[in-house]
Structures are given as structure tokens and as C-alpha cells.
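Down below is the structure, laid out as C-alpha cells.
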Amino acid sequence: MFESELASNPVPHNQSNYNRYGVVYKSKREKAYITELEIRLRRQIHMNHEFERYGAQPIRVDYLFGFVPPKSWSKKKRLQALNCEIYPTSQQIGDWDNLCKSTQDRLNALIIEDDRYIVDGHGRKIYTEKPYLRIEIEEA
């Protein structure tokens with residue numbers, strides 16, 4: 001299991017960013033998120049000497065993405081969000097499957113051999129006090 005606070009909210013993979021040649025590119029926010037995630041994952045791998053990479057085997061991956069409620073919200077609404085009475089559904093946060101995709105791209109070769117071996121999993125978006133990410137990986 002990997003669990004960490006983040007410097008900013010998780011960022012989804014966006015397939016609608018095209019350069020003038022028609023090639024999809026990652027936004028600056030997505031690049032920053034992926035870079036931060038890699039640094040945090042490498043640190044945890046380095047600290048955990050019993051860590052083993054997942055090879056060519058079916059695995060299950062569950063994601064929990066934590067987002068900070070907007071500062072413009074009232075205390076009451078922020079409290080409702082933090083108590084999971086309101087969920088992050090705004091367009092700026094992105095779809096959960098695109099959040100999983102941007103995160104899986106960083107897991108490739110670092111923790112798992114390839115994301116094609118993911119046969120089951122879930123993604124969940126909630127509001128938290130600070131930006132947050134939890135990844136749970138297990139053999140299927």
C-alpha cells in the first residue's frame with residue numbers, strides 16, 4: 001500500500017490536449033503530479049527494503065484520491081464535504097478513470113511491470129483536508 005499527502009490535488013490524464021501536429025501532450029499540472037508521485041513512490045520503495053515489484057501477473061489496484069474542498073465554500077459545506085456528504089464532481093477535478101490513468105502511467109515499470117496486468121480495481125474521489133493519494137495493490 002502506498003499512502004501520501006500531495007503538494008496539490010491529483011491531476012487527471014487529459015486526452016484532449018493536442019499540439020499543432022495533432023499529438024496528445026501532458027499539461028504542466030499533469031507533468032508536475034506525475035513527477036511528484038514518482039519522487040514519493042521512489043522514496044517509499046527506498047525506505048521499504050522488503051518491497052517487491054509486481055511482475056507479469058494479474059493484479060488488483062484500488063485508488064483513493066483526496067481533494068481539498070474549494071476555499072470559497074462555507075464552513076458548513078466544507079464540513080459536509082470532509083464527512084463524505086458531498087463528493088468531488090466538478091469538471092476541474094476530472095473523471096475518476098482519467099485520474100487512475102495518470103496514476104497508472106507512473107506505476108508502470110516503477111511498481112508494476114505494465115498496467116495491462118491490472119485486471120481489477122476501483123477508483124474513488126473524496127474531499128480531504130489536504131491533497132491525498134492512496135494506492136493499494138494486490139495479486140488477483
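By convention in this document, the chains of the C-alpha cells carry letters A, B, ... by their order, each chain's residues are numbered from 1, and ligands are numbered from 1 in the order they are shown.
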
Problem - Polymer residues at most 7 Å from Val11 of chain A, only C-alpha atoms, same-chain spacing of 6 or more positions, as an MDAnalysis selection string - result: chainID A and resid 29:30 33 99

Using only C-alpha atoms, find each residue of segment 77-137 of chain A with at least one atom at most 6 Å away from an atom of segment 52-60 of chain A; report its shortest atom-to-atom pair and that distance in Å (one decimal), sort the rows by chain and rising residue number, and return the result as a tab-separated table.
```
residue	atom	partner	partner_atom	distance
A:Ile111	CA	A:Arg53	CA	5.1
A:Ile112	CA	A:Tyr54	CA	4.7
A:Glu113	CA	A:Gly55	CA	5.2
A:Tyr117	CA	A:Pro58	CA	4.9
A:Ile118	CA	A:Ile59	CA	4.9
A:Val119	CA	A:Pro58	CA	5.9
A:Asp120	CA	A:Arg60	CA	4.6
A:Gly121	CA	A:Arg60	CA	5.1
A:Ile137	CA	A:Arg60	CA	5.7
```

Output of the above residues as a compact mmCIF listing (two decimals), in the first residue's frame, restricted to C-alpha atoms:
```
# COMPACT_ATOMS: atom_id res chain seq x y z
CA ILE A 111 5.97 -0.75 -9.19
CA ILE A 112 4.23 -2.92 -11.78
CA GLU A 113 5.66 -4.33 -14.97
CA TYR A 117 -1.71 -6.75 -15.87
CA ILE A 118 -4.31 -4.80 -13.90
CA VAL A 119 -7.41 -6.98 -14.13
CA ASP A 120 -9.50 -5.45 -11.35
CA GLY A 121 -9.61 -2.27 -9.36
CA ILE A 137 -2.03 -3.24 -4.96
```

Exercise for the section: Using DSSP on the backbone coordinates, identify the residues of chain A assigned to alpha helix (DSSP H); present them as a PyMOL selection string. Expected result: chain A and resi 28-47+75-82+96-107

Okay, now the selection with N, CA and C atoms, as a compact mmCIF listing (two decimals), in the first residue's frame?
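The result, written out as selection06.txt:
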```txt
# COMPACT_ATOMS: atom_id res chain seq x y z
N LYS A 28 1.10 20.92 -17.94
CA LYS A 28 2.11 21.20 -16.92
C LYS A 28 1.67 20.64 -15.57
N ARG A 29 0.37 20.77 -15.26
CA ARG A 29 -0.14 20.25 -13.99
C ARG A 29 -0.01 18.73 -13.93
N GLU A 30 -0.34 18.05 -15.03
CA GLU A 30 -0.23 16.58 -15.05
C GLU A 30 1.22 16.15 -14.93
N LYS A 31 2.13 16.84 -15.62
CA LYS A 31 3.56 16.51 -15.52
C LYS A 31 4.05 16.70 -14.09
N ALA A 32 3.63 17.78 -13.44
CA ALA A 32 4.05 18.04 -12.06
C ALA A 32 3.51 16.96 -11.12
N TYR A 33 2.26 16.55 -11.32
CA TYR A 33 1.65 15.50 -10.50
C TYR A 33 2.41 14.18 -10.67
N ILE A 34 2.69 13.80 -11.90
CA ILE A 34 3.39 12.55 -12.18
C ILE A 34 4.80 12.58 -11.60
N THR A 35 5.48 13.71 -11.72
CA THR A 35 6.83 13.84 -11.16
C THR A 35 6.81 13.72 -9.64
N GLU A 36 5.88 14.42 -8.99
CA GLU A 36 5.78 14.34 -7.54
C GLU A 36 5.45 12.91 -7.10
N LEU A 37 4.54 12.27 -7.80
CA LEU A 37 4.18 10.90 -7.48
C LEU A 37 5.38 9.97 -7.60
N GLU A 38 6.16 10.13 -8.65
CA GLU A 38 7.35 9.29 -8.83
C GLU A 38 8.34 9.49 -7.69
N ILE A 39 8.58 10.73 -7.31
CA ILE A 39 9.51 11.02 -6.21
C ILE A 39 9.03 10.36 -4.92
N ARG A 40 7.74 10.50 -4.61
CA ARG A 40 7.20 9.91 -3.39
C ARG A 40 7.22 8.38 -3.42
N LEU A 41 6.92 7.80 -4.59
CA LEU A 41 6.97 6.34 -4.72
C LEU A 41 8.39 5.82 -4.56
N ARG A 42 9.35 6.47 -5.22
CA ARG A 42 10.74 6.04 -5.12
C ARG A 42 11.25 6.13 -3.67
N ARG A 43 10.84 7.18 -2.96
CA ARG A 43 11.24 7.34 -1.57
C ARG A 43 10.70 6.19 -0.72
N GLN A 44 9.43 5.84 -0.94
CA GLN A 44 8.83 4.76 -0.17
C GLN A 44 9.49 3.42 -0.53
N ILE A 45 9.80 3.19 -1.79
CA ILE A 45 10.48 1.96 -2.21
C ILE A 45 11.85 1.89 -1.56
N HIS A 46 12.56 3.01 -1.54
CA HIS A 46 13.90 3.05 -0.94
C HIS A 46 13.85 2.78 0.57
N MET A 47 12.83 3.30 1.24
CA MET A 47 12.72 3.13 2.69
C MET A 47 12.24 1.73 3.07
N LYS A 75 -18.11 27.14 5.86
CA LYS A 75 -17.64 26.13 6.82
C LYS A 75 -18.56 24.92 6.82
N LYS A 76 -19.87 25.17 6.75
CA LYS A 76 -20.84 24.09 6.78
C LYS A 76 -20.66 23.17 5.56
N LYS A 77 -20.52 23.77 4.40
CA LYS A 77 -20.37 22.97 3.18
C LYS A 77 -19.03 22.23 3.17
N ARG A 78 -17.97 22.88 3.66
CA ARG A 78 -16.65 22.21 3.75
C ARG A 78 -16.73 21.01 4.70
N LEU A 79 -17.42 21.17 5.82
CA LEU A 79 -17.59 20.08 6.78
C LEU A 79 -18.38 18.93 6.16
N GLN A 80 -19.42 19.25 5.41
CA GLN A 80 -20.18 18.21 4.71
C GLN A 80 -19.28 17.47 3.72
N ALA A 81 -18.44 18.20 3.02
CA ALA A 81 -17.54 17.58 2.04
C ALA A 81 -16.55 16.66 2.75
N LEU A 82 -15.98 17.11 3.85
CA LEU A 82 -14.99 16.31 4.59
C LEU A 82 -15.63 15.08 5.26
N TRP A 96 -12.82 10.02 -12.70
CA TRP A 96 -12.01 9.11 -11.89
C TRP A 96 -11.17 8.18 -12.76
N ASP A 97 -11.68 7.79 -13.94
CA ASP A 97 -10.90 6.89 -14.79
C ASP A 97 -9.66 7.59 -15.35
N ASN A 98 -9.76 8.88 -15.63
CA ASN A 98 -8.59 9.64 -16.10
C ASN A 98 -7.59 9.88 -14.97
N LEU A 99 -8.09 10.02 -13.73
CA LEU A 99 -7.20 10.11 -12.57
C LEU A 99 -6.43 8.80 -12.41
N CYS A 100 -7.14 7.68 -12.55
CA CYS A 100 -6.49 6.37 -12.46
C CYS A 100 -5.45 6.21 -13.56
N LYS A 101 -5.76 6.67 -14.77
CA LYS A 101 -4.84 6.52 -15.89
C LYS A 101 -3.55 7.29 -15.66
N SER A 102 -3.64 8.53 -15.22
CA SER A 102 -2.42 9.32 -14.99
C SER A 102 -1.58 8.70 -13.89
N THR A 103 -2.23 8.11 -12.88
CA THR A 103 -1.51 7.47 -11.79
C THR A 103 -0.90 6.14 -12.24
N GLN A 104 -1.65 5.36 -13.01
CA GLN A 104 -1.15 4.08 -13.52
C GLN A 104 0.07 4.28 -14.41
N ASP A 105 0.08 5.34 -15.19
CA ASP A 105 1.22 5.62 -16.07
C ASP A 105 2.51 5.73 -15.25
N ARG A 106 2.42 6.25 -14.03
CA ARG A 106 3.61 6.39 -13.20
C ARG A 106 3.96 5.07 -12.51
N LEU A 107 2.96 4.22 -12.29
CA LEU A 107 3.23 2.93 -11.66
C LEU A 107 3.98 1.99 -12.61
```

Practice task
Go through A:Phe67, A:His49, A:Glu136, A:Leu6 and flag the residue nearest Gln92 of chain A, using only C-alpha atoms for the distances.
Solution key: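 Closest to Gln92 of chain A of all the choices is A:Phe67.
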
Practice task
Using only C-alpha atoms, pick whichever of A:Val24, A:Phe51, A:Asp115, A:Thr128 has the shortest atom-to-atom distance to Pro70 of chain A.
Solution key: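 Counting only C-alpha atoms, the residue closest to Pro70 of chain A is A:Thr128.
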
Exercise for the section: Go through chain A and collect every residue that DSSP, computed from the backbone, puts in strand (DSSP E or B); the answer should be as a PyMOL selection string. Expected result: chain A and resi 2-5+18+24+54+59-67+108+112+118-127+132-139
